[in-house]
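Pasted below: final_16.txt, compact mmCIF, C-alpha atoms.
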```
# COMPACT_ATOMS: atom_id res chain seq x y z
CA MET G 1 -19.70 -17.74 -16.98
CA HIS G 2 -21.36 -15.53 -14.39
CA ALA G 3 -24.08 -13.27 -15.76
CA PRO G 4 -23.41 -9.77 -14.43
CA ARG G 5 -26.47 -7.94 -13.10
CA ILE G 6 -24.59 -4.66 -13.01
CA GLY G 7 -24.57 -2.80 -16.32
CA ALA G 8 -24.63 0.61 -18.00
CA ARG G 9 -27.76 1.83 -16.19
CA THR G 10 -26.31 1.05 -12.73
CA TYR G 11 -23.02 2.72 -13.70
CA LEU G 12 -24.86 5.91 -14.63
CA ARG G 13 -26.85 5.95 -11.36
CA THR G 14 -23.66 5.28 -9.37
CA TRP G 15 -21.83 8.13 -11.12
CA ILE G 16 -24.69 10.58 -10.44
CA ALA G 17 -24.88 9.48 -6.78
CA LEU G 18 -21.10 9.99 -6.43
CA LEU G 19 -21.27 13.52 -7.87
CA VAL G 20 -24.23 14.39 -5.61
CA LEU G 21 -22.36 13.11 -2.53
CA ALA G 22 -19.22 15.03 -3.59
CA ALA G 23 -21.27 18.24 -3.96
CA ALA G 24 -22.91 17.58 -0.56
CA THR G 25 -19.61 17.12 1.26
CA LEU G 26 -18.19 20.24 -0.45
CA GLY G 27 -21.24 22.27 0.63
CA LEU G 28 -21.10 20.88 4.20
CA SER G 29 -17.46 21.95 4.49
CA PHE G 30 -18.64 25.60 4.50
CA LEU G 31 -21.08 25.04 7.40
CA PRO G 32 -20.00 25.53 11.04
CA LEU G 33 -20.34 21.90 12.11
CA GLY G 34 -17.60 22.05 14.75
CA ALA G 35 -16.71 18.62 16.11
CA PHE G 36 -19.09 16.90 13.63
CA HIS G 37 -17.15 18.21 10.66
CA ALA G 38 -14.65 15.34 10.38
CA PRO G 39 -17.06 12.43 11.16
CA VAL G 40 -19.62 13.70 8.61
CA ALA G 41 -16.99 14.20 5.89
CA LEU G 42 -15.50 10.74 6.53
CA LEU G 43 -18.94 9.10 6.60
CA ILE G 44 -19.73 10.60 3.18
CA ALA G 45 -16.30 9.49 1.89
CA ALA G 46 -16.95 5.94 3.18
CA THR G 47 -20.36 5.93 1.47
CA LYS G 48 -18.75 6.98 -1.83
CA ALA G 49 -16.08 4.29 -1.42
CA ALA G 50 -18.81 1.69 -0.78
CA LEU G 51 -20.72 2.76 -3.92
CA ILE G 52 -17.55 2.51 -6.03
CA ALA G 53 -16.69 -0.92 -4.58
CA LEU G 54 -20.22 -2.37 -4.86
CA PHE G 55 -21.08 -1.16 -8.38
CA PHE G 56 -18.03 0.05 -10.34
CA MET G 57 -15.93 -2.80 -8.89
CA HIS G 58 -18.88 -5.27 -9.04
CA LEU G 59 -18.57 -6.38 -5.42
CA ALA G 60 -22.39 -6.60 -5.29
CA ASP G 61 -22.17 -9.27 -8.05
CA GLU G 62 -19.42 -11.34 -6.40
CA ARG G 63 -20.06 -14.55 -4.49
CA GLY G 64 -17.87 -16.77 -2.32
CA SER G 65 -14.22 -16.04 -1.61
CA ILE G 66 -14.03 -12.43 -2.89
CA PRO G 67 -16.56 -10.84 -0.47
CA ILE G 68 -14.95 -12.84 2.37
CA ALA G 69 -11.44 -11.61 1.47
CA VAL G 70 -12.62 -8.00 1.09
CA GLY G 71 -14.65 -8.14 4.32
CA ILE G 72 -11.62 -9.38 6.25
CA TRP G 73 -9.27 -6.71 4.91
CA VAL G 74 -11.77 -3.94 5.64
CA LEU G 75 -12.11 -5.32 9.20
CA LEU G 76 -8.33 -5.44 9.69
CA LEU G 77 -7.90 -1.88 8.39
CA ALA G 78 -10.60 -0.75 10.85
CA VAL G 79 -8.62 -2.43 13.67
CA LEU G 80 -5.43 -0.66 12.52
CA VAL G 81 -7.08 2.76 12.45
CA THR G 82 -9.05 2.25 15.72
CA LEU G 83 -6.02 1.08 17.73
CA THR G 84 -3.88 3.93 16.34
CA ALA G 85 -6.59 6.42 17.32
CA ALA G 86 -6.97 4.82 20.78
CA ASP G 87 -3.23 5.21 21.27
CA VAL G 88 -2.72 8.81 20.14
CA LEU G 89 -5.92 10.21 21.65
CA THR G 90 -5.11 8.90 25.16
CA ARG G 91 -1.35 9.45 25.05
CA GLY G 92 -1.55 12.88 26.76
CA GLU G 93 -3.36 11.46 29.81
CA MET G 94 -0.80 8.69 30.23
CA LEU G 95 2.12 11.12 30.04
CA ARG G 96 0.46 13.46 32.55
CA PRO G 97 -0.75 11.26 35.46
CA PRO G 98 -3.06 12.96 38.00
CA ALA G 99 -1.24 14.90 40.75
CA SER G 100 -2.65 12.62 43.49
CA GLY G 101 -1.13 9.53 41.85
CA PRO G 102 1.96 7.67 43.04
CA MET N 1 -20.04 -20.94 -23.16
CA ASP N 2 -18.64 -22.24 -26.44
CA SER N 3 -15.47 -24.14 -25.54
CA ALA N 4 -13.84 -23.40 -28.94
CA ALA N 5 -14.10 -19.66 -28.28
CA THR N 6 -12.69 -19.85 -24.74
CA ALA N 7 -9.98 -22.45 -25.42
CA PRO N 8 -7.14 -20.06 -26.41
CA HIS N 9 -7.56 -18.10 -23.14
CA LEU N 10 -8.07 -21.02 -20.75
CA ALA N 11 -5.10 -22.33 -18.75
CA SER N 12 -4.98 -26.12 -18.42
CA HIS N 13 -5.41 -26.13 -14.62
CA PHE N 14 -8.82 -24.39 -14.77
CA GLU N 15 -12.07 -26.19 -15.53
CA ASP N 16 -13.63 -23.26 -17.37
CA LEU N 17 -13.14 -19.56 -18.10
CA ALA N 18 -15.60 -18.46 -15.35
CA LYS N 19 -13.50 -20.16 -12.65
CA GLN N 20 -10.26 -18.83 -14.13
CA THR N 21 -11.61 -15.26 -14.20
CA HIS N 22 -12.93 -15.56 -10.64
CA ALA N 23 -9.48 -16.64 -9.44
CA ALA N 24 -7.93 -13.70 -11.31
CA ARG N 25 -10.35 -11.25 -9.68
CA LEU N 26 -9.68 -12.73 -6.22
CA GLY N 27 -5.95 -12.25 -6.81
CA MET N 28 -6.56 -8.63 -7.84
CA TRP N 29 -8.66 -7.98 -4.71
CA VAL N 30 -5.87 -9.40 -2.51
CA PHE N 31 -3.37 -7.09 -4.29
CA ILE N 32 -5.74 -4.14 -3.73
CA GLY N 33 -5.95 -5.15 -0.05
CA SER N 34 -2.15 -4.88 0.25
CA GLU N 35 -2.27 -1.47 -1.46
CA ALA N 36 -5.02 -0.39 0.94
CA LEU N 37 -2.76 -1.41 3.84
CA LEU N 38 0.05 0.77 2.43
CA PHE N 39 -2.24 3.81 2.24
CA SER N 40 -3.92 3.04 5.59
CA ALA N 41 -0.58 3.29 7.39
CA LEU N 42 -0.28 6.83 5.97
CA PHE N 43 -3.90 7.63 6.90
CA ALA N 44 -3.19 6.45 10.47
CA LEU N 45 -0.10 8.69 10.55
CA TYR N 46 -2.26 11.61 9.38
CA ALA N 47 -4.81 10.90 12.15
CA ALA N 48 -2.05 10.75 14.78
CA TYR N 49 -0.52 14.08 13.73
CA ARG N 50 -3.93 15.71 13.34
CA ALA N 51 -4.69 14.71 16.95
CA ALA N 52 -1.37 16.30 18.00
CA TYR N 53 -1.75 19.55 15.98
CA PRO N 54 -5.52 20.11 15.44
CA ALA N 55 -5.39 23.90 14.93
CA ALA N 56 -2.34 23.85 12.64
CA PHE N 57 -3.92 21.10 10.49
CA ARG N 58 -7.16 23.09 10.07
CA ALA N 59 -5.23 26.23 9.11
CA ALA N 60 -3.03 24.30 6.64
CA ALA N 61 -6.04 22.53 5.06
CA GLY N 62 -7.39 26.02 4.32
CA HIS N 63 -4.26 26.68 2.24
CA THR N 64 -4.60 23.86 -0.28
CA ASP N 65 -6.47 24.86 -3.44
CA LEU N 66 -10.12 23.90 -2.83
CA THR N 67 -11.17 24.67 -6.43
CA LEU N 68 -8.41 22.54 -7.98
CA GLY N 69 -8.96 19.77 -5.39
CA SER N 70 -12.71 19.63 -6.03
CA LEU N 71 -12.14 19.68 -9.79
CA MET N 72 -9.76 16.72 -9.40
CA THR N 73 -12.47 14.83 -7.46
CA GLY N 74 -14.99 15.36 -10.29
CA VAL N 75 -12.39 14.37 -12.90
CA LEU N 76 -11.47 11.08 -11.16
CA LEU N 77 -15.07 10.07 -10.34
CA THR N 78 -16.02 10.66 -13.98
CA SER N 79 -13.00 8.72 -15.28
CA SER N 80 -14.09 5.76 -13.13
CA TYR N 81 -17.53 5.95 -14.71
CA LEU N 82 -15.96 5.94 -18.20
CA VAL N 83 -13.85 2.85 -17.37
CA ALA N 84 -16.98 1.05 -16.09
CA MET N 85 -18.80 1.99 -19.33
CA GLY N 86 -15.82 0.77 -21.38
CA LEU N 87 -16.22 -2.64 -19.75
CA ALA N 88 -19.99 -2.62 -20.41
CA ARG N 89 -19.35 -1.87 -24.12
CA VAL N 90 -16.78 -4.67 -24.41
CA ARG N 91 -19.29 -7.08 -22.85
CA ALA N 92 -21.86 -5.88 -25.43
CA SER N 93 -19.32 -6.59 -28.26
CA ARG N 94 -18.94 -2.90 -29.17
CA PRO N 95 -15.15 -2.45 -29.23
CA ARG N 96 -15.13 1.00 -30.90
CA GLY N 97 -17.41 2.50 -28.25
CA ALA N 98 -15.40 0.75 -25.53
CA ALA N 99 -12.09 2.13 -26.82
CA GLY N 100 -13.68 5.60 -26.93
CA PHE N 101 -14.76 5.40 -23.28
CA LEU N 102 -11.31 4.16 -22.23
CA ALA N 103 -9.59 6.94 -24.22
CA GLY N 104 -11.83 9.44 -22.39
CA ALA N 105 -10.74 7.97 -19.06
CA VAL N 106 -7.07 8.26 -20.13
CA LEU N 107 -7.57 11.97 -20.97
CA LEU N 108 -9.22 12.61 -17.59
CA GLY N 109 -6.37 10.77 -15.83
CA ILE N 110 -3.85 13.04 -17.61
CA ALA N 111 -6.02 16.09 -16.72
CA PHE N 112 -5.91 14.99 -13.06
CA LEU N 113 -2.10 14.82 -13.13
CA ALA N 114 -1.91 18.25 -14.83
CA LEU N 115 -4.15 19.81 -12.14
CA LYS N 116 -2.09 18.16 -9.40
CA GLY N 117 1.11 19.52 -11.00
CA MET N 118 -0.41 23.02 -11.15
CA GLU N 119 -1.23 22.83 -7.45
CA TYR N 120 2.27 21.63 -6.52
CA ALA N 121 3.72 24.57 -8.51
CA GLU N 122 1.40 26.93 -6.60
CA HIS N 123 2.69 25.56 -3.28
CA PHE N 124 6.34 25.76 -4.36
CA ARG N 125 5.90 29.47 -5.22
CA ALA N 126 4.61 29.99 -1.64
CA GLY N 127 7.71 28.29 -0.19
CA ILE N 128 5.74 25.18 0.77
CA TYR N 129 8.16 22.29 0.26
CA PRO N 130 8.09 18.94 2.06
CA GLY N 131 10.16 18.22 5.17
CA VAL N 132 13.24 20.32 5.94
CA GLY N 133 12.76 22.38 2.75
CA TYR N 134 9.60 23.98 4.21
CA ARG N 135 9.84 27.81 3.90
CA SER N 136 6.25 29.08 4.24
CA ALA N 137 6.03 32.60 5.73
CA THR N 138 2.22 32.56 6.08
CA LEU N 139 2.05 29.15 7.80
CA PRO N 140 5.13 28.76 9.97
CA GLY N 141 5.36 26.10 12.65
CA ALA N 142 5.91 22.37 12.97
CA GLY N 143 2.22 21.42 12.61
CA ALA N 144 1.81 23.00 9.15
CA ASN N 145 5.16 21.58 8.06
CA ILE N 146 4.02 18.05 9.05
CA PHE N 147 0.64 18.59 7.34
CA PHE N 148 2.30 19.51 4.04
CA THR N 149 4.92 16.76 4.32
CA LEU N 150 2.07 14.23 4.69
CA TYR N 151 0.23 16.03 1.86
CA TYR N 152 3.19 15.57 -0.51
CA ALA N 153 3.79 11.96 0.58
CA MET N 154 0.14 10.88 0.26
CA THR N 155 -0.95 12.85 -2.81
CA GLY N 156 2.44 12.09 -4.44
CA LEU N 157 2.07 8.33 -3.85
CA HIS N 158 -1.50 8.58 -5.13
CA ALA N 159 -0.37 10.53 -8.24
CA LEU N 160 2.17 7.76 -8.99
CA HIS N 161 -0.73 5.29 -8.87
CA VAL N 162 -2.73 7.51 -11.26
CA LEU N 163 0.28 7.62 -13.61
CA GLY N 164 0.54 3.81 -13.51
CA GLY N 165 -3.23 3.57 -14.10
CA VAL N 166 -3.03 5.89 -17.13
CA VAL N 167 -0.31 3.71 -18.72
CA LEU N 168 -2.42 0.61 -17.97
CA LEU N 169 -5.55 2.19 -19.49
CA ILE N 170 -3.68 3.22 -22.68
CA TRP N 171 -2.55 -0.39 -23.11
CA LEU N 172 -6.08 -1.71 -22.43
CA ALA N 173 -7.72 0.78 -24.83
CA TRP N 174 -5.26 -0.28 -27.53
CA ARG N 175 -5.97 -3.99 -26.90
CA VAL N 176 -9.72 -3.38 -27.07
CA ARG N 177 -9.36 -1.34 -30.28
CA ALA N 178 -7.25 -4.14 -31.82
CA GLY N 179 -9.98 -6.66 -31.01
CA ARG N 180 -7.78 -8.59 -28.56
CA LEU N 181 -10.23 -8.16 -25.68
CA THR N 182 -13.73 -9.36 -26.50
CA ALA N 183 -17.08 -10.18 -24.90
CA VAL N 184 -15.75 -13.75 -24.39
CA TYR N 185 -12.39 -12.81 -22.88
CA HIS N 186 -11.68 -9.44 -21.21
CA THR N 187 -10.08 -10.36 -17.88
CA PRO N 188 -7.24 -7.76 -18.22
CA LEU N 189 -9.84 -5.00 -18.63
CA GLU N 190 -11.77 -6.21 -15.56
CA LEU N 191 -8.58 -6.25 -13.45
CA GLY N 192 -7.31 -2.91 -14.84
CA GLY N 193 -10.73 -1.42 -14.05
CA LEU N 194 -10.56 -2.71 -10.46
CA TYR N 195 -7.17 -1.01 -10.06
CA TRP N 196 -8.41 2.31 -11.50
CA HIS N 197 -11.50 2.33 -9.24
CA PHE N 198 -9.29 1.62 -6.22
CA VAL N 199 -7.10 4.64 -7.07
CA ASP N 200 -10.36 6.64 -7.24
CA VAL N 201 -11.36 5.38 -3.74
CA ILE N 202 -8.04 6.60 -2.28
CA TRP N 203 -8.67 10.10 -3.67
CA VAL N 204 -12.21 10.03 -2.20
CA PHE N 205 -10.50 9.97 1.24
CA LEU N 206 -7.58 12.29 0.42
CA TRP N 207 -9.91 15.05 -0.77
CA PRO N 208 -11.74 15.67 2.56
CA LEU N 209 -8.61 15.18 4.68
CA PHE N 210 -6.42 17.67 2.79
CA TYR N 211 -8.98 20.11 1.33
CA LEU N 212 -12.31 20.07 3.19
CA LEU N 213 -11.47 19.69 6.92
CA ARG N 214 -10.39 23.28 7.44
```

What is this file in structure tokens?
Amino acid sequence: MHAPRIGARTYLRTWIALLVLAAATLGLSFLPLGAFHAPVALLIAATKAALIALFFMHLADERGSIPIAVGIWVLLLAVLVTLTAADVLTRGEMLRPPASGP
Amino acid sequence: MDSAATAPHLASHFEDLAKQTHAARLGMWVFIGSEALLFSALFALYAAYRAAYPAAFRAAAGHTDLTLGSLMTGVLLTSSYLVAMGLARVRASRPRGAAGFLAGAVLLGIAFLALKGMEYAEHFRAGIYPGVGYRSATLPGAGANIFFTLYYAMTGLHALHVLGGVVLLIWLAWRVRAGRLTAVYHTPLELGGLYWHFVDVIWVFLWPLFYLLR
């Protein structure tokens, strides 16, 4: 039987951190951040997701196959999102080749 | 661990309850990975359309209800905390407290669905329907239509997951209350908790994309 290190005290701290991060991202959404708006909001969201996974979902307590499986699926999802972004963000340039081209 | 206490829960092909529970959690994480893939395809679609219609997406994100959306975020984050505390109480052999925490999480899950329903009703009154039904006078145009179609698809799929989670939590709370899940054996509660927290994680990303990035 594995002895869990994560208990009531960690849950409380995690919950408070999540509410603070939620308040921060809500406040930041009113500031004129321009192009940084989306990256900052997504970075905060990713931090909240990591806190939930590590402490509420006990990933910080897991050993062996579970962190490996989770690490691989996070990596593959990152590949999916990155390649999709690489496609759609450069699509305009490929459809409009420079005038001097063939 | 006392083998007499674990025996009724232990399948014959596992050496002990710790190994059996670890295998169950691994299976749950793989299931959650497949769910994450389902949602990620929709997130990728959102990113692609946002790149195509940046101005329309910002304008449309300003027309979802920020107050209701933020309230829903607080409600779900808190319900996750209550589920985690329910598990802690079961591990401490305090089933009444555990059932109380889980019942609280159930109520917050229902509150989330009620708030979501209120917001959908608000949109319908403004003529904002998904797809070809879209009739908004204030936000005409293909970009806003696509934004709200994705909004209904993604928040709707998420709400179905919340509904499933609420049913699961009611069943778990009842099992805890009846003394069927104990400090020795509570694998269903661990797995149900993992599912509920995952549904919470999805909302953590939906909230900025549909409410904050305006």

- Task: Pick out the chain G residues within 8 Å of chain N. Count only C-alpha atoms. Give them as a PyMOL selection string.
- Result: chain G and resi 1-2+7-8+11-12+15+18-19+22+26+29+37-38+41-42+45-46+48-49+52-53+56-57+65-66+69-70+73+77+80-81+84-85+88-89

- Message: Which residues are near Ala111 of chain N? Cut-off 12 Å, all atoms listed in the file, ignore same chain within fewer than 3 positions. Put them as a count of residues only.
- Response: 23

- Which residue gives the smallest distance to Pro39 of chain G among G:Thr90, G:Arg9, G:Thr25, G:Arg63, with all atoms listed in the file counted?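 Of the candidates, the smallest distance to Pro39 of chain G is held by G:Thr25.
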
- Quick one: pull the distance between atom CA of Tyr53 of chain N and atom CA of Gly143 of chain N, Å, one decimal.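 A separation of 5.5 Å between them.
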
- Item | Between atom CA of His63 of chain N and atom CA of Gly27 of chain G - distance in Å to one decimal |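 Going from atom CA of Gly27 of chain G over to atom CA of His63 of chain N covers 17.6 Å.
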
- Please measure the separation of atom CA of Ala61 of chain N and atom CA of Phe147 of chain N, giving the value in Å to one decimal.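 We find that atom CA of Ala61 of chain N and atom CA of Phe147 of chain N lie 8.1 Å from each other.
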
- Item | Proximity to Arg177 of chain N - best of N:His158, N:His123, N:Arg135, N:Arg94, all atoms listed in the file |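 Among the listed residues, N:Arg94 lies closest to Arg177 of chain N.
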
- Item | Closest of N:Ala11, N:Ala4, N:Val90, N:Ala55 to Leu139 of chain N - atom-to-atom distances counting all atoms listed in the file | N:Ala55
